Every structure is written in structure tokens, then in C-alpha cells.
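> Structure in C-alpha cells, see below.
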Amino acid sequence: SSSSASQQASGGQGSQRGPSMWQRAQKRWSALVAAPRSRIALQMRAHLGEDHWQAFVRHAENKWKTQFLRAFEPSTHVLACAGPIEGGPCPYQFSIYTHSIAAESQLQYMHLDHTHDLSNVCAVWRQAVPQFPQSWHEDIDGDRLCHMLFGVRATERGEPPCLHFRCGEARGGLYRGRRFCHAS
């Protein structure tokens, strides 16, 4: 069942996790890679071809999805803004206690920000992989690419995380003019 799969992917803690956090994590994963018109699919699916695209999605789901989803429920139960991409702490000290009733409404102000612009990563990927590739990762380091796309924690090779939570404007623009750590 999908419920047991969710609990397995979350380390069996699905009953402790607020459903809104888990649902938000799933939606962000889908919008990034799994949905037919995800951000990565729109840039890479046609170039890779359907078979290689599906192989990439399977690889991402099998190797990267669990750590991505778990980032939404850290062991501390606090999602904290990493601060501006230029460095330094968040000026608002923005954080969300993930087991709070308010977590769902606060999550709209937290963005999962790529260190390396996603469009640029995909452009380099398209340039590196031939037009009719033998695999989705032909001529590139597939693990490094996936770390740039999905890496929420440091690698065993010592590469820092490439995705960070940063506070930002919610859809609807309630705080226009306020400087958030996530720049749109």
C-alpha cells in the first residue's frame, strides 16, 4: 500500500510525522522530478528520450527520494532557514517546528533552494550527454549530477548539500518588499 511505502521511506515514522509535512515533501519531489511535467522533465525528457528519462526517474526514486523526503522531518523536528545564499544567518531566524499545528501554514514561507541553478545544471547536462545517449548519465558522473539536483546532505566525498531550506515569499505575496533569504 502507498501508506506502508510512505512509512518505509520515512523510516517507519509516518504516524509521528504531521501529514502536511509528508504531503508537502511528496509534492515538492513530484514537482521537481516525478511528475510528467516536472521542472527537470520539462528540460531533460525530450533530450534523453523516454526510456532513458524513465531510467533516470527510477534511479532518482531508488537512490535519492528517501533522503529528500526525510529532509522535511529532521531528527530535531525543526526546519530552519539556512540564511541567504551569499552566506550568514537568516535575519529572521525563521524556523518551523514540524510537529506544530502551525507547521502546514508556515511551510508556505519555506523554499527548498538549489545551490546551483536548476536550469543551468540541466543545460550542462544536455550539453554533456549526446543527443541519442546510451544512458541518462552517458559521459557524466551520474552521482554528482544527482547530488546537484537532489542532495540535501553532504556526500561521503565531502561535497556539501546542494539543496537548502530558505525562508521566502509565499504565493499570494503577503509580505511584498520584505527581503527574504530565498531570492526568487
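Chain identifiers are assigned as A, B, and so on, following the order in which chains appear in the C-alpha cells; residues are numbered from 1 within each chain, and ligands are numbered from 1 in order of appearance.
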Env of Gln54 (chain A): 12 Å cut, atoms = only C-alpha atoms, seq-sep filter 4 positions within chain, self excluded. Answer as a PyMOL selection string.

chain A and resi 33-36+41+44-46+48-50+58-61+135-136

> Residues at most 6 Å from His77 (chain A), counting only C-alpha atoms, excluding those fewer than 4 positions away in the same chain, as a list in words?

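Surrounding residues, per the criterion: Glu73, Tyr97 and Thr98 of chain A.
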
> Take the selection from the previous step and output its residues with N, CA and C atoms, as an mmCIF file, in the first residue's frame.


```cif
data_model
loop_
_atom_site.group_PDB
_atom_site.id
_atom_site.type_symbol
_atom_site.label_atom_id
_atom_site.label_comp_id
_atom_site.auth_asym_id
_atom_site.auth_seq_id
_atom_site.Cartn_x
_atom_site.Cartn_y
_atom_site.Cartn_z
ATOM 1 N N GLU A 73 11.561 16.355 7.619
ATOM 2 C CA GLU A 73 11.305 15.955 9.000
ATOM 3 C C GLU A 73 12.645 15.626 9.657
ATOM 4 N N TYR A 97 8.716 24.308 13.633
ATOM 5 C CA TYR A 97 8.664 23.094 14.429
ATOM 6 C C TYR A 97 7.705 22.164 13.700
ATOM 7 N N THR A 98 8.241 21.074 13.143
ATOM 8 C CA THR A 98 7.468 20.247 12.213
ATOM 9 C C THR A 98 6.291 19.520 12.842
#
```

> So which bits of region 17-184 of chain A end up strand (DSSP E) when you DSSP the backbone, as an MDAnalysis selection string?

chainID A and resid 78:80 95:97 110:114 163:167

> Selected residues, N, CA and C atoms, written as a JSON list (two decimals), in the first residue's frame, please.


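As written to disk, out_17.json reads:
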```json
[["chain", "number", "residue", "atom", "x", "y", "z"],
["A", 78, "VAL", "N", 12.86, 20.43, 13.66],
["A", 78, "VAL", "CA", 12.89, 21.85, 13.33],
["A", 78, "VAL", "C", 13.49, 22.02, 11.93],
["A", 79, "LEU", "N", 12.73, 22.64, 11.04],
["A", 79, "LEU", "CA", 13.25, 23.06, 9.74],
["A", 79, "LEU", "C", 13.69, 24.50, 9.92],
["A", 80, "ALA", "N", 14.96, 24.76, 9.72],
["A", 80, "ALA", "CA", 15.47, 26.11, 9.93],
["A", 80, "ALA", "C", 15.98, 26.69, 8.62],
["A", 95, "SER", "N", 12.22, 29.47, 11.45],
["A", 95, "SER", "CA", 12.24, 28.02, 11.59],
["A", 95, "SER", "C", 10.81, 27.53, 11.80],
["A", 96, "ILE", "N", 10.63, 26.24, 11.55],
["A", 96, "ILE", "CA", 9.32, 25.61, 11.70],
["A", 96, "ILE", "C", 9.48, 24.38, 12.57],
["A", 97, "TYR", "N", 8.72, 24.31, 13.63],
["A", 97, "TYR", "CA", 8.66, 23.09, 14.43],
["A", 97, "TYR", "C", 7.70, 22.16, 13.70],
["A", 110, "MET", "N", 8.70, 28.60, 3.37],
["A", 110, "MET", "CA", 9.99, 27.91, 3.33],
["A", 110, "MET", "C", 10.18, 27.31, 1.93],
["A", 111, "HIS", "N", 11.26, 27.67, 1.29],
["A", 111, "HIS", "CA", 11.59, 27.17, -0.04],
["A", 111, "HIS", "C", 12.76, 26.21, 0.06],
["A", 112, "LEU", "N", 12.79, 25.23, -0.82],
["A", 112, "LEU", "CA", 13.93, 24.33, -0.92],
["A", 112, "LEU", "C", 14.74, 24.83, -2.11],
["A", 113, "ASP", "N", 15.84, 25.47, -1.80],
["A", 113, "ASP", "CA", 16.63, 26.24, -2.76],
["A", 113, "ASP", "C", 17.85, 25.46, -3.24],
["A", 114, "HIS", "N", 18.05, 25.40, -4.56],
["A", 114, "HIS", "CA", 19.23, 24.76, -5.13],
["A", 114, "HIS", "C", 20.43, 25.71, -5.04],
["A", 163, "LEU", "N", 20.93, 21.44, -1.74],
["A", 163, "LEU", "CA", 19.61, 21.99, -1.52],
["A", 163, "LEU", "C", 19.52, 22.43, -0.07],
["A", 164, "HIS", "N", 18.95, 23.62, 0.13],
["A", 164, "HIS", "CA", 18.86, 24.20, 1.47],
["A", 164, "HIS", "C", 17.49, 24.84, 1.64],
["A", 165, "PHE", "N", 16.95, 24.72, 2.83],
["A", 165, "PHE", "CA", 15.70, 25.41, 3.14],
["A", 165, "PHE", "C", 16.03, 26.88, 3.39],
["A", 166, "ARG", "N", 15.26, 27.76, 2.75],
["A", 166, "ARG", "CA", 15.42, 29.21, 2.94],
["A", 166, "ARG", "C", 14.03, 29.84, 3.03],
["A", 167, "CYS", "N", 13.90, 30.81, 3.92],
["A", 167, "CYS", "CA", 12.61, 31.50, 4.04],
["A", 167, "CYS", "C", 12.39, 32.32, 2.78]]
```

> Extract, using only C-alpha atoms, all DNA, RNA and protein residues at most 9 Å from region 115-118 of chain A, discarding same-chain residues fewer than 4 positions from it, and format them as a PyMOL selection string.

chain A and resi 39-40+85+122-123+148-149+161-164

> Got a sec to tell me which of chain A DSSP assigns to alpha helix (DSSP H), as an mmCIF file with N, CA, C and O atoms, in the first residue's frame?


```cif
data_model
loop_
_atom_site.group_PDB
_atom_site.id
_atom_site.type_symbol
_atom_site.label_atom_id
_atom_site.label_comp_id
_atom_site.auth_asym_id
_atom_site.auth_seq_id
_atom_site.Cartn_x
_atom_site.Cartn_y
_atom_site.Cartn_z
ATOM 1 N N SER A 2 0.337 2.376 -0.459
ATOM 2 C CA SER A 2 1.126 3.612 -0.501
ATOM 3 C C SER A 2 1.423 4.121 0.899
ATOM 4 O O SER A 2 2.433 4.744 1.141
ATOM 5 N N SER A 3 0.525 3.839 1.868
ATOM 6 C CA SER A 3 0.771 4.255 3.248
ATOM 7 C C SER A 3 1.978 3.536 3.824
ATOM 8 O O SER A 3 2.837 4.149 4.449
ATOM 9 N N SER A 4 2.070 2.213 3.599
ATOM 10 C CA SER A 4 3.225 1.486 4.120
ATOM 11 C C SER A 4 4.485 1.881 3.382
ATOM 12 O O SER A 4 5.558 1.939 3.969
ATOM 13 N N ALA A 5 4.384 2.189 2.088
ATOM 14 C CA ALA A 5 5.558 2.654 1.345
ATOM 15 C C ALA A 5 6.028 3.996 1.886
ATOM 16 O O ALA A 5 7.224 4.235 2.038
ATOM 17 N N SER A 6 5.084 4.874 2.233
ATOM 18 C CA SER A 6 5.447 6.167 2.810
ATOM 19 C C SER A 6 6.123 5.976 4.153
ATOM 20 O O SER A 6 7.112 6.623 4.460
ATOM 21 N N GLN A 7 5.576 5.083 4.982
ATOM 22 C CA GLN A 7 6.184 4.839 6.283
ATOM 23 C C GLN A 7 7.558 4.213 6.127
ATOM 24 O O GLN A 7 8.480 4.570 6.840
ATOM 25 N N GLN A 8 7.720 3.303 5.146
ATOM 26 C CA GLN A 8 9.020 2.695 4.933
ATOM 27 C C GLN A 8 10.027 3.745 4.486
ATOM 28 O O GLN A 8 11.135 3.810 4.989
ATOM 29 N N ALA A 9 9.644 4.608 3.557
ATOM 30 C CA ALA A 9 10.549 5.651 3.080
ATOM 31 C C ALA A 9 10.890 6.642 4.176
ATOM 32 O O ALA A 9 11.942 7.252 4.162
ATOM 33 N N PRO A 19 0.948 14.900 8.720
ATOM 34 C CA PRO A 19 0.637 14.553 7.338
ATOM 35 C C PRO A 19 0.918 15.693 6.376
ATOM 36 O O PRO A 19 1.305 15.468 5.248
ATOM 37 N N SER A 20 0.781 16.934 6.830
ATOM 38 C CA SER A 20 1.022 18.057 5.925
ATOM 39 C C SER A 20 2.493 18.139 5.526
ATOM 40 O O SER A 20 2.811 18.459 4.391
ATOM 41 N N MET A 21 3.408 17.827 6.440
ATOM 42 C CA MET A 21 4.838 17.862 6.115
ATOM 43 C C MET A 21 5.159 16.773 5.098
ATOM 44 O O MET A 21 5.885 17.001 4.144
ATOM 45 N N TRP A 22 4.630 15.596 5.328
ATOM 46 C CA TRP A 22 4.882 14.477 4.425
ATOM 47 C C TRP A 22 4.272 14.758 3.053
ATOM 48 O O TRP A 22 4.903 14.525 2.022
ATOM 49 N N GLN A 23 3.062 15.276 3.028
ATOM 50 C CA GLN A 23 2.414 15.603 1.755
ATOM 51 C C GLN A 23 3.183 16.694 1.014
ATOM 52 O O GLN A 23 3.356 16.625 -0.199
ATOM 53 N N ARG A 24 3.653 17.699 1.752
ATOM 54 C CA ARG A 24 4.417 18.777 1.114
ATOM 55 C C ARG A 24 5.712 18.238 0.520
ATOM 56 O O ARG A 24 6.099 18.593 -0.583
ATOM 57 N N ALA A 25 6.388 17.362 1.255
ATOM 58 C CA ALA A 25 7.626 16.754 0.751
ATOM 59 C C ALA A 25 7.343 15.967 -0.528
ATOM 60 O O ALA A 25 8.083 16.088 -1.516
ATOM 61 N N GLN A 26 6.270 15.188 -0.532
ATOM 62 C CA GLN A 26 5.905 14.404 -1.719
ATOM 63 C C GLN A 26 5.583 15.315 -2.902
ATOM 64 O O GLN A 26 6.001 15.044 -4.030
ATOM 65 N N LYS A 27 4.857 16.393 -2.640
ATOM 66 C CA LYS A 27 4.511 17.329 -3.716
ATOM 67 C C LYS A 27 5.754 18.000 -4.286
ATOM 68 O O LYS A 27 5.875 18.193 -5.497
ATOM 69 N N ARG A 28 6.693 18.369 -3.417
ATOM 70 C CA ARG A 28 7.916 19.016 -3.907
ATOM 71 C C ARG A 28 8.755 18.039 -4.715
ATOM 72 O O ARG A 28 9.348 18.420 -5.714
ATOM 73 N N TRP A 29 8.811 16.771 -4.290
ATOM 74 C CA TRP A 29 9.543 15.771 -5.062
ATOM 75 C C TRP A 29 8.886 15.608 -6.437
ATOM 76 O O TRP A 29 9.561 15.597 -7.460
ATOM 77 N N ARG A 39 9.844 20.040 -13.143
ATOM 78 C CA ARG A 39 10.852 21.036 -13.552
ATOM 79 C C ARG A 39 11.985 20.389 -14.342
ATOM 80 O O ARG A 39 12.447 20.948 -15.334
ATOM 81 N N ILE A 40 12.435 19.216 -13.913
ATOM 82 C CA ILE A 40 13.530 18.547 -14.628
ATOM 83 C C ILE A 40 13.011 17.902 -15.915
ATOM 84 O O ILE A 40 13.676 17.970 -16.955
ATOM 85 N N ALA A 41 11.826 17.309 -15.878
ATOM 86 C CA ALA A 41 11.266 16.668 -17.075
ATOM 87 C C ALA A 41 11.126 17.658 -18.227
ATOM 88 O O ALA A 41 11.445 17.333 -19.374
ATOM 89 N N LEU A 42 10.671 18.856 -17.914
ATOM 90 C CA LEU A 42 10.487 19.852 -18.976
ATOM 91 C C LEU A 42 11.799 20.191 -19.674
ATOM 92 O O LEU A 42 11.803 20.558 -20.846
ATOM 93 N N GLN A 43 12.906 20.042 -18.967
ATOM 94 C CA GLN A 43 14.199 20.401 -19.541
ATOM 95 C C GLN A 43 14.965 19.207 -20.110
ATOM 96 O O GLN A 43 15.822 19.387 -20.969
ATOM 97 N N MET A 44 14.675 17.982 -19.628
ATOM 98 C CA MET A 44 15.527 16.849 -19.987
ATOM 99 C C MET A 44 14.834 15.682 -20.675
ATOM 100 O O MET A 44 15.489 14.916 -21.378
ATOM 101 N N ARG A 45 13.553 15.527 -20.506
ATOM 102 C CA ARG A 45 12.863 14.339 -21.017
ATOM 103 C C ARG A 45 13.039 14.157 -22.519
ATOM 104 O O ARG A 45 13.394 13.074 -22.987
ATOM 105 N N ALA A 46 12.794 15.184 -23.291
ATOM 106 C CA ALA A 46 12.900 15.076 -24.752
ATOM 107 C C ALA A 46 14.341 14.790 -25.171
ATOM 108 O O ALA A 46 14.578 13.995 -26.092
ATOM 109 N N HIS A 47 15.295 15.407 -24.516
ATOM 110 C CA HIS A 47 16.704 15.206 -24.884
ATOM 111 C C HIS A 47 17.155 13.777 -24.602
ATOM 112 O O HIS A 47 17.870 13.172 -25.407
ATOM 113 N N LEU A 48 16.754 13.236 -23.471
ATOM 114 C CA LEU A 48 17.188 11.885 -23.100
ATOM 115 C C LEU A 48 16.415 10.799 -23.835
ATOM 116 O O LEU A 48 16.919 9.690 -24.012
ATOM 117 N N GLU A 50 12.412 8.831 -23.988
ATOM 118 C CA GLU A 50 11.518 8.299 -22.956
ATOM 119 C C GLU A 50 12.153 7.185 -22.131
ATOM 120 O O GLU A 50 12.029 7.175 -20.901
ATOM 121 N N ASP A 51 12.839 6.244 -22.755
ATOM 122 C CA ASP A 51 13.423 5.129 -21.999
ATOM 123 C C ASP A 51 14.481 5.603 -21.014
ATOM 124 O O ASP A 51 14.503 5.181 -19.858
ATOM 125 N N HIS A 52 15.366 6.490 -21.460
ATOM 126 C CA HIS A 52 16.425 6.989 -20.571
ATOM 127 C C HIS A 52 15.855 7.932 -19.501
ATOM 128 O O HIS A 52 16.354 7.968 -18.381
ATOM 129 N N TRP A 53 14.818 8.678 -19.868
ATOM 130 C CA TRP A 53 14.164 9.524 -18.875
ATOM 131 C C TRP A 53 13.578 8.656 -17.751
ATOM 132 O O TRP A 53 13.769 8.926 -16.579
ATOM 133 N N GLN A 54 12.860 7.606 -18.131
ATOM 134 C CA GLN A 54 12.270 6.716 -17.127
ATOM 135 C C GLN A 54 13.352 6.049 -16.284
ATOM 136 O O GLN A 54 13.179 5.872 -15.069
ATOM 137 N N ALA A 55 14.485 5.687 -16.883
ATOM 138 C CA ALA A 55 15.603 5.097 -16.126
ATOM 139 C C ALA A 55 16.147 6.110 -15.113
ATOM 140 O O ALA A 55 16.465 5.759 -13.971
ATOM 141 N N PHE A 56 16.238 7.379 -15.534
ATOM 142 C CA PHE A 56 16.692 8.429 -14.612
ATOM 143 C C PHE A 56 15.713 8.582 -13.446
ATOM 144 O O PHE A 56 16.126 8.645 -12.290
ATOM 145 N N VAL A 57 14.426 8.637 -13.728
ATOM 146 C CA VAL A 57 13.424 8.790 -12.670
ATOM 147 C C VAL A 57 13.491 7.600 -11.710
ATOM 148 O O VAL A 57 13.456 7.785 -10.487
ATOM 149 N N ARG A 58 13.626 6.385 -12.242
ATOM 150 C CA ARG A 58 13.752 5.202 -11.365
ATOM 151 C C ARG A 58 14.991 5.316 -10.477
ATOM 152 O O ARG A 58 14.935 5.037 -9.276
ATOM 153 N N HIS A 59 16.117 5.744 -11.055
ATOM 154 C CA HIS A 59 17.339 5.921 -10.270
ATOM 155 C C HIS A 59 17.117 6.966 -9.171
ATOM 156 O O HIS A 59 17.480 6.747 -8.011
ATOM 157 N N ALA A 60 16.522 8.087 -9.537
ATOM 158 C CA ALA A 60 16.269 9.155 -8.554
ATOM 159 C C ALA A 60 15.351 8.657 -7.445
ATOM 160 O O ALA A 60 15.599 8.907 -6.263
ATOM 161 N N GLU A 61 14.298 7.947 -7.818
ATOM 162 C CA GLU A 61 13.353 7.430 -6.823
ATOM 163 C C GLU A 61 14.040 6.429 -5.895
ATOM 164 O O GLU A 61 13.823 6.455 -4.686
ATOM 165 N N ASN A 62 14.866 5.549 -6.456
ATOM 166 C CA ASN A 62 15.505 4.498 -5.667
ATOM 167 C C ASN A 62 16.645 4.994 -4.789
ATOM 168 O O ASN A 62 16.832 4.505 -3.680
ATOM 169 N N LYS A 63 17.405 5.958 -5.271
ATOM 170 C CA LYS A 63 18.611 6.353 -4.544
ATOM 171 C C LYS A 63 18.491 7.693 -3.809
ATOM 172 O O LYS A 63 19.183 7.899 -2.818
ATOM 173 N N LYS A 65 15.256 9.788 -3.367
ATOM 174 C CA LYS A 65 13.963 10.262 -2.863
ATOM 175 C C LYS A 65 13.859 10.196 -1.345
ATOM 176 O O LYS A 65 13.374 11.142 -0.712
ATOM 177 N N THR A 66 14.299 9.112 -0.733
ATOM 178 C CA THR A 66 14.143 8.963 0.712
ATOM 179 C C THR A 66 14.843 10.071 1.474
ATOM 180 O O THR A 66 14.255 10.686 2.361
ATOM 181 N N GLN A 67 16.096 10.369 1.116
ATOM 182 C CA GLN A 67 16.787 11.428 1.849
ATOM 183 C C GLN A 67 16.147 12.787 1.583
ATOM 184 O O GLN A 67 16.086 13.633 2.470
ATOM 185 N N PHE A 68 15.634 12.995 0.378
ATOM 186 C CA PHE A 68 14.930 14.238 0.059
ATOM 187 C C PHE A 68 13.703 14.382 0.959
ATOM 188 O O PHE A 68 13.491 15.427 1.581
ATOM 189 N N LEU A 69 12.892 13.331 1.049
ATOM 190 C CA LEU A 69 11.680 13.387 1.866
ATOM 191 C C LEU A 69 12.012 13.556 3.349
ATOM 192 O O LEU A 69 11.349 14.311 4.058
ATOM 193 N N ARG A 70 13.031 12.876 3.800
ATOM 194 C CA ARG A 70 13.413 12.966 5.219
ATOM 195 C C ARG A 70 13.898 14.365 5.595
ATOM 196 O O ARG A 70 13.846 14.737 6.766
ATOM 197 N N ALA A 103 2.656 24.211 11.522
ATOM 198 C CA ALA A 103 3.694 23.847 10.545
ATOM 199 C C ALA A 103 3.189 23.937 9.111
ATOM 200 O O ALA A 103 3.876 24.468 8.241
ATOM 201 N N GLU A 104 1.986 23.448 8.854
ATOM 202 C CA GLU A 104 1.467 23.461 7.493
ATOM 203 C C GLU A 104 1.361 24.885 6.943
ATOM 204 O O GLU A 104 1.781 25.163 5.830
ATOM 205 N N SER A 105 0.832 25.797 7.731
ATOM 206 C CA SER A 105 0.693 27.171 7.241
ATOM 207 C C SER A 105 2.051 27.869 7.140
ATOM 208 O O SER A 105 2.269 28.691 6.258
ATOM 209 N N GLN A 106 2.990 27.544 8.028
ATOM 210 C CA GLN A 106 4.317 28.163 7.978
ATOM 211 C C GLN A 106 5.148 27.654 6.801
ATOM 212 O O GLN A 106 6.009 28.366 6.290
ATOM 213 N N LEU A 118 18.952 25.263 -11.155
ATOM 214 C CA LEU A 118 18.470 24.043 -11.779
ATOM 215 C C LEU A 118 18.522 24.114 -13.302
ATOM 216 O O LEU A 118 18.922 23.148 -13.959
ATOM 217 N N SER A 119 18.145 25.236 -13.877
ATOM 218 C CA SER A 119 18.192 25.369 -15.339
ATOM 219 C C SER A 119 19.618 25.262 -15.861
ATOM 220 O O SER A 119 19.861 24.652 -16.907
ATOM 221 N N ASN A 120 20.574 25.840 -15.123
ATOM 222 C CA ASN A 120 21.979 25.737 -15.538
ATOM 223 C C ASN A 120 22.488 24.302 -15.433
ATOM 224 O O ASN A 120 23.222 23.831 -16.309
ATOM 225 N N VAL A 121 22.126 23.606 -14.357
ATOM 226 C CA VAL A 121 22.541 22.207 -14.201
ATOM 227 C C VAL A 121 21.999 21.378 -15.365
ATOM 228 O O VAL A 121 22.735 20.589 -15.977
ATOM 229 N N CYS A 122 20.730 21.577 -15.708
ATOM 230 C CA CYS A 122 20.134 20.827 -16.819
ATOM 231 C C CYS A 122 20.769 21.211 -18.160
ATOM 232 O O CYS A 122 20.965 20.347 -19.023
ATOM 233 N N ALA A 123 21.113 22.479 -18.336
ATOM 234 C CA ALA A 123 21.770 22.907 -19.583
ATOM 235 C C ALA A 123 23.129 22.228 -19.737
ATOM 236 O O ALA A 123 23.471 21.742 -20.834
ATOM 237 N N VAL A 124 23.902 22.169 -18.666
ATOM 238 C CA VAL A 124 25.197 21.493 -18.713
ATOM 239 C C VAL A 124 24.996 19.999 -18.973
ATOM 240 O O VAL A 124 25.729 19.384 -19.755
ATOM 241 N N TRP A 125 23.988 19.420 -18.343
ATOM 242 C CA TRP A 125 23.673 18.003 -18.548
ATOM 243 C C TRP A 125 23.340 17.742 -20.017
ATOM 244 O O TRP A 125 23.846 16.796 -20.625
ATOM 245 N N ARG A 126 22.504 18.592 -20.619
ATOM 246 C CA ARG A 126 22.142 18.433 -22.037
ATOM 247 C C ARG A 126 23.376 18.540 -22.931
ATOM 248 O O ARG A 126 23.505 17.808 -23.911
ATOM 249 N N GLN A 127 24.266 19.456 -22.612
ATOM 250 C CA GLN A 127 25.480 19.634 -23.418
ATOM 251 C C GLN A 127 26.425 18.443 -23.278
ATOM 252 O O GLN A 127 27.104 18.079 -24.232
ATOM 253 N N ALA A 128 26.481 17.848 -22.098
ATOM 254 C CA ALA A 128 27.430 16.761 -21.836
ATOM 255 C C ALA A 128 26.954 15.417 -22.389
ATOM 256 O O ALA A 128 27.773 14.602 -22.815
ATOM 257 N N GLY A 142 26.993 10.457 -12.875
ATOM 258 C CA GLY A 142 25.578 10.465 -12.525
ATOM 259 C C GLY A 142 25.319 10.767 -11.066
ATOM 260 O O GLY A 142 24.360 11.466 -10.732
ATOM 261 N N ASP A 143 26.198 10.262 -10.174
ATOM 262 C CA ASP A 143 26.003 10.548 -8.746
ATOM 263 C C ASP A 143 26.213 12.028 -8.444
ATOM 264 O O ASP A 143 25.490 12.622 -7.649
ATOM 265 N N ARG A 144 27.201 12.623 -9.076
ATOM 266 C CA ARG A 144 27.447 14.059 -8.846
ATOM 267 C C ARG A 144 26.282 14.897 -9.374
ATOM 268 O O ARG A 144 25.834 15.840 -8.736
ATOM 269 N N LEU A 145 25.806 14.534 -10.564
ATOM 270 C CA LEU A 145 24.646 15.230 -11.126
ATOM 271 C C LEU A 145 23.454 15.137 -10.179
ATOM 272 O O LEU A 145 22.832 16.154 -9.855
ATOM 273 N N CYS A 146 23.154 13.933 -9.708
ATOM 274 C CA CYS A 146 22.001 13.756 -8.820
ATOM 275 C C CYS A 146 22.198 14.492 -7.499
ATOM 276 O O CYS A 146 21.234 15.025 -6.938
ATOM 277 N N HIS A 147 23.433 14.548 -7.028
ATOM 278 C CA HIS A 147 23.685 15.318 -5.806
ATOM 279 C C HIS A 147 23.361 16.795 -6.037
ATOM 280 O O HIS A 147 22.762 17.444 -5.177
ATOM 281 N N MET A 148 23.715 17.323 -7.204
ATOM 282 C CA MET A 148 23.406 18.719 -7.509
ATOM 283 C C MET A 148 21.895 18.945 -7.623
ATOM 284 O O MET A 148 21.396 20.019 -7.293
ATOM 285 N N LEU A 149 21.175 17.933 -8.061
ATOM 286 C CA LEU A 149 19.726 18.054 -8.227
ATOM 287 C C LEU A 149 18.946 17.760 -6.948
ATOM 288 O O LEU A 149 17.908 18.388 -6.697
ATOM 289 N N PHE A 150 19.419 16.807 -6.137
ATOM 290 C CA PHE A 150 18.627 16.301 -5.012
ATOM 291 C C PHE A 150 19.356 16.271 -3.674
ATOM 292 O O PHE A 150 18.771 15.888 -2.667
#
```

> Rounded to one decimal place, report the CA of Cys81 (chain A)-CA of Ser30 (chain A) distance in Å.

22.1 Å

> For CA of Gln108 (chain A) and CA of Pro160 (chain A), quote the distance in Å rounded to one decimal.

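So the two atoms, CA of Gln108 (chain A) and CA of Pro160 (chain A), lie 25.2 Å apart.
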